[in-house]
Amino acid sequence: MRVAGDWLTSSDTQAVLGMLTDAGHLAYAVGGCARNALLDVPVADVDIATSALPEEVVRLAQEAGLKAIPTGLEHGTITVVSDGEPFEVTTFRKDVDTDGRRAVVSFSDNISDDAVRRDFTVNALYVEADGTLHDPLGGLPDIKAGRIRFIEDAAPRIEEDYLRILRFFRFTAWYGDPSAGLDAEGLAACATHVDGISKLSKERLGAEMKKLLAAPDPAPALAAMFASGVLAQILPGADPQYVAPLVHLEQAADIPPRWQRRMVAMGGDDHAKRLRLSKAEAKQLYGVNAAMQSGEPAKVMAYHFGADAALDAKMIEAATLSSPLPDALSEHIAEGVNEKFPIKAVDLLDRIGVGPQLGAELKRLENLWVNAGFKLSKKELLQS
């Protein structure tokens with residue numbers, strides 16, 4: 001079987017593969033690019049597996065006029081840059097020792113060694129420069145069936161890296177067939193090994209959860225995470241019961257998904273701390289929660305908290321109440337965002353002066369203006 005796509009035939013991909021194969025080494029585009037091409041979904045980046053040792057990859061890249069960056073030298077990874085396009089080139093590996101977070105590896109010249117150390121069969125697919133597909137572990141039938149299955153026994157794969165528990169649910173959400181359910185052996189192994197999640201860094205947990213929640217419909221995977229005890233290990237108190245109706249509302253209204261909206265809909269505490277979110281991300285979650293707690297109309301929410309927070313809050317509200325979205329929701333949000341409070345501090349200086357009273361009066365007048373439906377003029381407010 002052959003795989004095709006612009007990502008493979010591009011001059012940059014061919015240049016990196018060619019520099020390795022022309023020197024007598026094996027070289028394949030591997031993993032996500034092959035999987036996505038077979039699923040006919042966009043390919044974001046191209047990783048390459050090779051029999052060439054890291055030092056040889058560096059030498060060949062330099063001879064070919066390409067930039068070589070030793071981004072993961074101890075694990076055999078060299079980032080080769082061709083005309084600004086980065087490719088992670090990694091020597092075939094086999095695990096020597098693992099502790100659930102990281103692995104000690106040795107290099108190999110055997111594709112089978114490299115394949116068996118990967119996580120899921122759908123990620124152990126190798127493509128030659130001419131598109132020839134190599135499937136040493138039966139990933140192709142799993143792709144066709146929408147089945148995410150650990151390579152060989154699920155338990156040892158998880159024990160090698162407990163992040164694979166989250167990846168199991170994330171890949172199921174993105175690529176699995178919801179009607180088929182989750183792979184039973186994989187789900188049982190995840191449930192058995194939930195305590196291992198505590199070994200993972202908060203940054204890694206956050207990165208996986210954001211990717212999972214961004215899937216078109218993460219509800220079935222989240223329900224399985226909840227039932228297996230995995231979700232409680234990551235976000236205690238979170239319950240995904242409202243994610244399915246929220247996804248239905250998104251799809252019916254053709255509103256793009258947002259992981260922030262789905263995360264808030266699940267509830268739970270300390271998302272930013274538990275997932276080590278950025279300050280901007282934490283602020284986004286806070287805005288949605290604050291908008292929901294305000295109970296304000298959409299227009300007022302949008303004025304106070306912004307368009308995204310207002311939309312998310314109203315969608316979550318509708319999902320929890322099993323009700324349709326409010327009429328003209330987008331129009332009301334747009335109106336609220338565009339409202340401008342007509343009073344500035346300088347307008348009150350002569351009357352109030354500088355001090356705490358100035359801020360209090362500004363807030364009083366703003367509340368008066370908002371409660372009047374944003375309709376009071378500057379003159380009317382100054383006379384109030």
# chains A, B, ... in the order shown; residues from 1 in each chain; ligands from 1
$ select_by_dssp --residues "region 29-168 of chain A" --states "strand (DSSP E or B)" --output "PyMOL selection string"
chain A and resi 29-30+47-50+67-72+77-82+85-91+93-98+100+103-107+120+126-127+132-134+150+161
$ residues_around --residues "Trp174 (chain A)" --least-positions-apart "5" --cutoff "8 Å" --atoms "only C-alpha atoms" --output "VMD selection string"
chain A and resid 212 215 to 218
$ residues_around --residues "Ala309 (chain A)" --least-positions-apart "3" --cutoff "8 Å" --atoms "only C-alpha atoms" --output "CSV table (one decimal) with N, CA and C atoms, in the first residue's frame"
chain,number,residue,atom,x,y,z
A,284,GLN,N,-8.7,33.3,31.2
A,284,GLN,CA,-9.8,33.0,30.3
A,284,GLN,C,-10.8,32.1,31.1
A,287,GLY,N,-12.7,34.3,33.6
A,287,GLY,CA,-13.7,35.1,32.9
A,287,GLY,C,-15.0,34.3,32.7
A,288,VAL,N,-14.9,33.1,32.2
A,288,VAL,CA,-16.1,32.3,31.9
A,288,VAL,C,-16.8,32.0,33.2
A,291,ALA,N,-18.5,35.2,34.5
A,291,ALA,CA,-19.7,35.5,33.7
A,291,ALA,C,-20.8,34.6,34.1
A,301,MET,N,-23.1,40.6,30.0
A,301,MET,CA,-21.9,39.7,30.2
A,301,MET,C,-20.8,40.1,29.2
A,302,ALA,N,-21.1,40.3,28.0
A,302,ALA,CA,-20.1,40.6,27.0
A,302,ALA,C,-19.4,41.9,27.3
A,305,PHE,N,-17.2,41.0,30.6
A,305,PHE,CA,-16.2,39.9,30.5
A,305,PHE,C,-15.7,39.5,29.2
A,306,GLY,N,-16.2,40.1,28.1
A,306,GLY,CA,-15.7,39.9,26.8
A,306,GLY,C,-16.6,38.9,26.0
A,312,ASP,N,-19.3,31.5,26.0
A,312,ASP,CA,-19.1,30.2,26.7
A,312,ASP,C,-20.1,30.1,27.9
A,313,ALA,N,-20.3,31.1,28.6
A,313,ALA,CA,-21.2,31.1,29.8
A,313,ALA,C,-22.6,30.8,29.4
$ residues_around --residues "Ser201 (chain A)" --least-positions-apart "2" --cutoff "10 Å" --atoms "only C-alpha atoms" --output "MDAnalysis selection string"
chainID A and resid 101 163 197:199 203:206 274:276
$ closest_residue --among "A:Val346, A:Leu249, A:Ala360, A:Leu329" --to "Val300 (chain A)" --atoms "only C-alpha atoms"
A:Leu329
$ closest_residue --among "A:Pro356, A:Pro297, A:Gly229, A:Gly138" --to "His193 (chain A)" --atoms "only C-alpha atoms"
A:Gly229
$ residues_around --residues "His25 (chain A)" --least-positions-apart "5" --cutoff "10 Å" --atoms "only C-alpha atoms" --output "list in words"
Leu17, Gly18, Met19, Leu20, Thr50, Ser51, Ala52, Leu53, Glu56, Val57 and Asp109 of chain A
$ write_last_selection --atoms "C-alpha atoms" --output "tab-separated table (two decimals), in the first residue's frame"
chain	number	residue	atom	x	y	z
A	17	LEU	CA	14.57	11.59	3.69
A	18	GLY	CA	16.89	11.61	0.69
A	19	MET	CA	19.96	12.75	2.58
A	20	LEU	CA	19.56	9.65	4.79
A	50	THR	CA	16.03	6.36	10.72
A	51	SER	CA	18.68	3.74	11.20
A	52	ALA	CA	21.35	6.47	11.10
A	53	LEU	CA	22.94	7.34	14.45
A	56	GLU	CA	25.60	10.67	11.38
A	57	VAL	CA	22.34	12.61	10.99
A	109	ASP	CA	19.05	-0.46	13.26
$ closest_residue --among "A:Ser322, A:Thr192, A:Ser228, A:Asn289" --to "Val243 (chain A)" --atoms "only C-alpha atoms"
A:Ser322
$ atom_distance --atom1 "CA of Leu325 (chain A)" --atom2 "CA of Met266 (chain A)"
18.7 Å
$ residues_around --residues "Gly359 (chain A)" --least-positions-apart "2" --cutoff "12 Å" --atoms "only C-alpha atoms" --output "JSON list (two decimals) with N, CA and C atoms, in the first residue's frame"
[["chain", "number", "residue", "atom", "x", "y", "z"],
["A", 343, "ILE", "N", -18.56, 58.02, 30.46],
["A", 343, "ILE", "CA", -17.95, 58.87, 31.49],
["A", 343, "ILE", "C", -16.51, 58.45, 31.72],
["A", 344, "LYS", "N", -15.65, 59.46, 31.84],
["A", 344, "LYS", "CA", -14.24, 59.24, 32.20],
["A", 344, "LYS", "C", -13.95, 59.95, 33.51],
["A", 345, "ALA", "N", -12.86, 59.56, 34.15],
["A", 345, "ALA", "CA", -12.51, 60.15, 35.45],
["A", 345, "ALA", "C", -12.40, 61.66, 35.37],
["A", 346, "VAL", "N", -11.87, 62.16, 34.26],
["A", 346, "VAL", "CA", -11.68, 63.61, 34.12],
["A", 346, "VAL", "C", -13.01, 64.35, 34.17],
["A", 348, "LEU", "N", -15.32, 63.91, 36.21],
["A", 348, "LEU", "CA", -15.81, 64.02, 37.58],
["A", 348, "LEU", "C", -14.85, 64.76, 38.50],
["A", 349, "LEU", "N", -13.70, 65.16, 38.00],
["A", 349, "LEU", "CA", -12.68, 65.75, 38.86],
["A", 349, "LEU", "C", -13.18, 67.02, 39.55],
["A", 352, "ILE", "N", -15.79, 65.72, 42.21],
["A", 352, "ILE", "CA", -15.41, 64.71, 43.21],
["A", 352, "ILE", "C", -13.99, 64.92, 43.73],
["A", 353, "GLY", "N", -13.10, 65.31, 42.82],
["A", 353, "GLY", "CA", -11.69, 65.40, 43.18],
["A", 353, "GLY", "C", -11.02, 64.04, 43.10],
["A", 354, "VAL", "N", -9.74, 64.02, 43.41],
["A", 354, "VAL", "CA", -8.97, 62.78, 43.34],
["A", 354, "VAL", "C", -9.09, 62.03, 44.65],
["A", 355, "GLY", "N", -9.23, 60.72, 44.57],
["A", 355, "GLY", "CA", -9.31, 59.90, 45.77],
["A", 355, "GLY", "C", -10.23, 58.73, 45.58],
["A", 356, "PRO", "N", -10.45, 57.95, 46.65],
["A", 356, "PRO", "CA", -11.31, 56.76, 46.55],
["A", 356, "PRO", "C", -12.72, 57.08, 46.11],
["A", 357, "GLN", "N", -13.18, 58.27, 46.46],
["A", 357, "GLN", "CA", -14.55, 58.64, 46.08],
["A", 357, "GLN", "C", -14.72, 58.70, 44.57],
["A", 361, "GLU", "N", -17.60, 56.66, 42.57],
["A", 361, "GLU", "CA", -18.60, 57.35, 41.77],
["A", 361, "GLU", "C", -18.61, 56.84, 40.34],
["A", 362, "LEU", "N", -17.43, 56.59, 39.80],
["A", 362, "LEU", "CA", -17.37, 56.02, 38.45],
["A", 362, "LEU", "C", -18.10, 54.68, 38.40],
["A", 363, "LYS", "N", -17.89, 53.85, 39.41],
["A", 363, "LYS", "CA", -18.54, 52.54, 39.45],
["A", 363, "LYS", "C", -20.06, 52.70, 39.62],
["A", 364, "ARG", "N", -20.49, 53.66, 40.45],
["A", 364, "ARG", "CA", -21.92, 53.87, 40.64],
["A", 364, "ARG", "C", -22.59, 54.29, 39.33],
["A", 365, "LEU", "N", -21.96, 55.22, 38.63],
["A", 365, "LEU", "CA", -22.53, 55.69, 37.38],
["A", 365, "LEU", "C", -22.52, 54.60, 36.31],
["A", 366, "GLU", "N", -21.45, 53.81, 36.28],
["A", 366, "GLU", "CA", -21.40, 52.72, 35.29],
["A", 366, "GLU", "C", -22.51, 51.71, 35.55]]
$ closest_residue --among "A:Glu63, A:Asp254, A:Glu159, A:Glu128" --to "Thr21 (chain A)" --atoms "only C-alpha atoms"
A:Glu128
$ select_by_dssp --residues "region 18-196 of chain A" --states "helix (DSSP H, G or I)" --output "MDAnalysis selection string"
chainID A and resid 18:21 32:39 54:63 73:75 111:116 121:123 139:145 154:160 163:175 178:180 184:192 194:196
$ closest_residue --among "A:Lys273, A:His304, A:Arg118, A:Lys378" --to "Lys94 (chain A)" --atoms "only C-alpha atoms"
A:Arg118
$ closest_atom_pairs --of "region 117-157 of chain A" --to "region 45-49 of chain A" --cutoff "12 Å" --atoms "only C-alpha atoms" --output "CSV"
residue,atom,partner,partner_atom,distance
A:Arg118,CA,A:Ala49,CA,12.0
A:Asn123,CA,A:Asp47,CA,11.3
A:Ala124,CA,A:Ala49,CA,10.7
A:Leu125,CA,A:Ala49,CA,10.5
A:Tyr126,CA,A:Ala49,CA,8.1
A:Val127,CA,A:Ile48,CA,9.1
A:Glu128,CA,A:Ile48,CA,9.8
A:Ala129,CA,A:Ile48,CA,10.5
$ write_last_selection --atoms "C-alpha atoms" --output "mmCIF file, in the first residue's frame"
data_model
loop_
_atom_site.group_PDB
_atom_site.id
_atom_site.type_symbol
_atom_site.label_atom_id
_atom_site.label_comp_id
_atom_site.auth_asym_id
_atom_site.auth_seq_id
_atom_site.Cartn_x
_atom_site.Cartn_y
_atom_site.Cartn_z
ATOM 1 C CA ARG A 118 5.646 3.206 20.598
ATOM 2 C CA ASN A 123 1.195 5.472 15.628
ATOM 3 C CA ALA A 124 3.544 2.673 14.560
ATOM 4 C CA LEU A 125 3.215 3.321 10.830
ATOM 5 C CA TYR A 126 6.215 4.064 8.609
ATOM 6 C CA VAL A 127 6.218 5.622 5.151
ATOM 7 C CA GLU A 128 9.083 5.609 2.662
ATOM 8 C CA ALA A 129 9.847 8.605 0.455
#
$ closest_residue --among "A:Leu235, A:Gln241, A:Ala207, A:Ile333" --to "Ala219 (chain A)" --atoms "only C-alpha atoms"
A:Gln241
$ atom_distance --atom1 "CA of Met263 (chain A)" --atom2 "CA of Leu213 (chain A)"
7.2 Å
$ atom_distance --atom1 "CA of Phe120 (chain A)" --atom2 "CA of Thr172 (chain A)"
10.7 Å
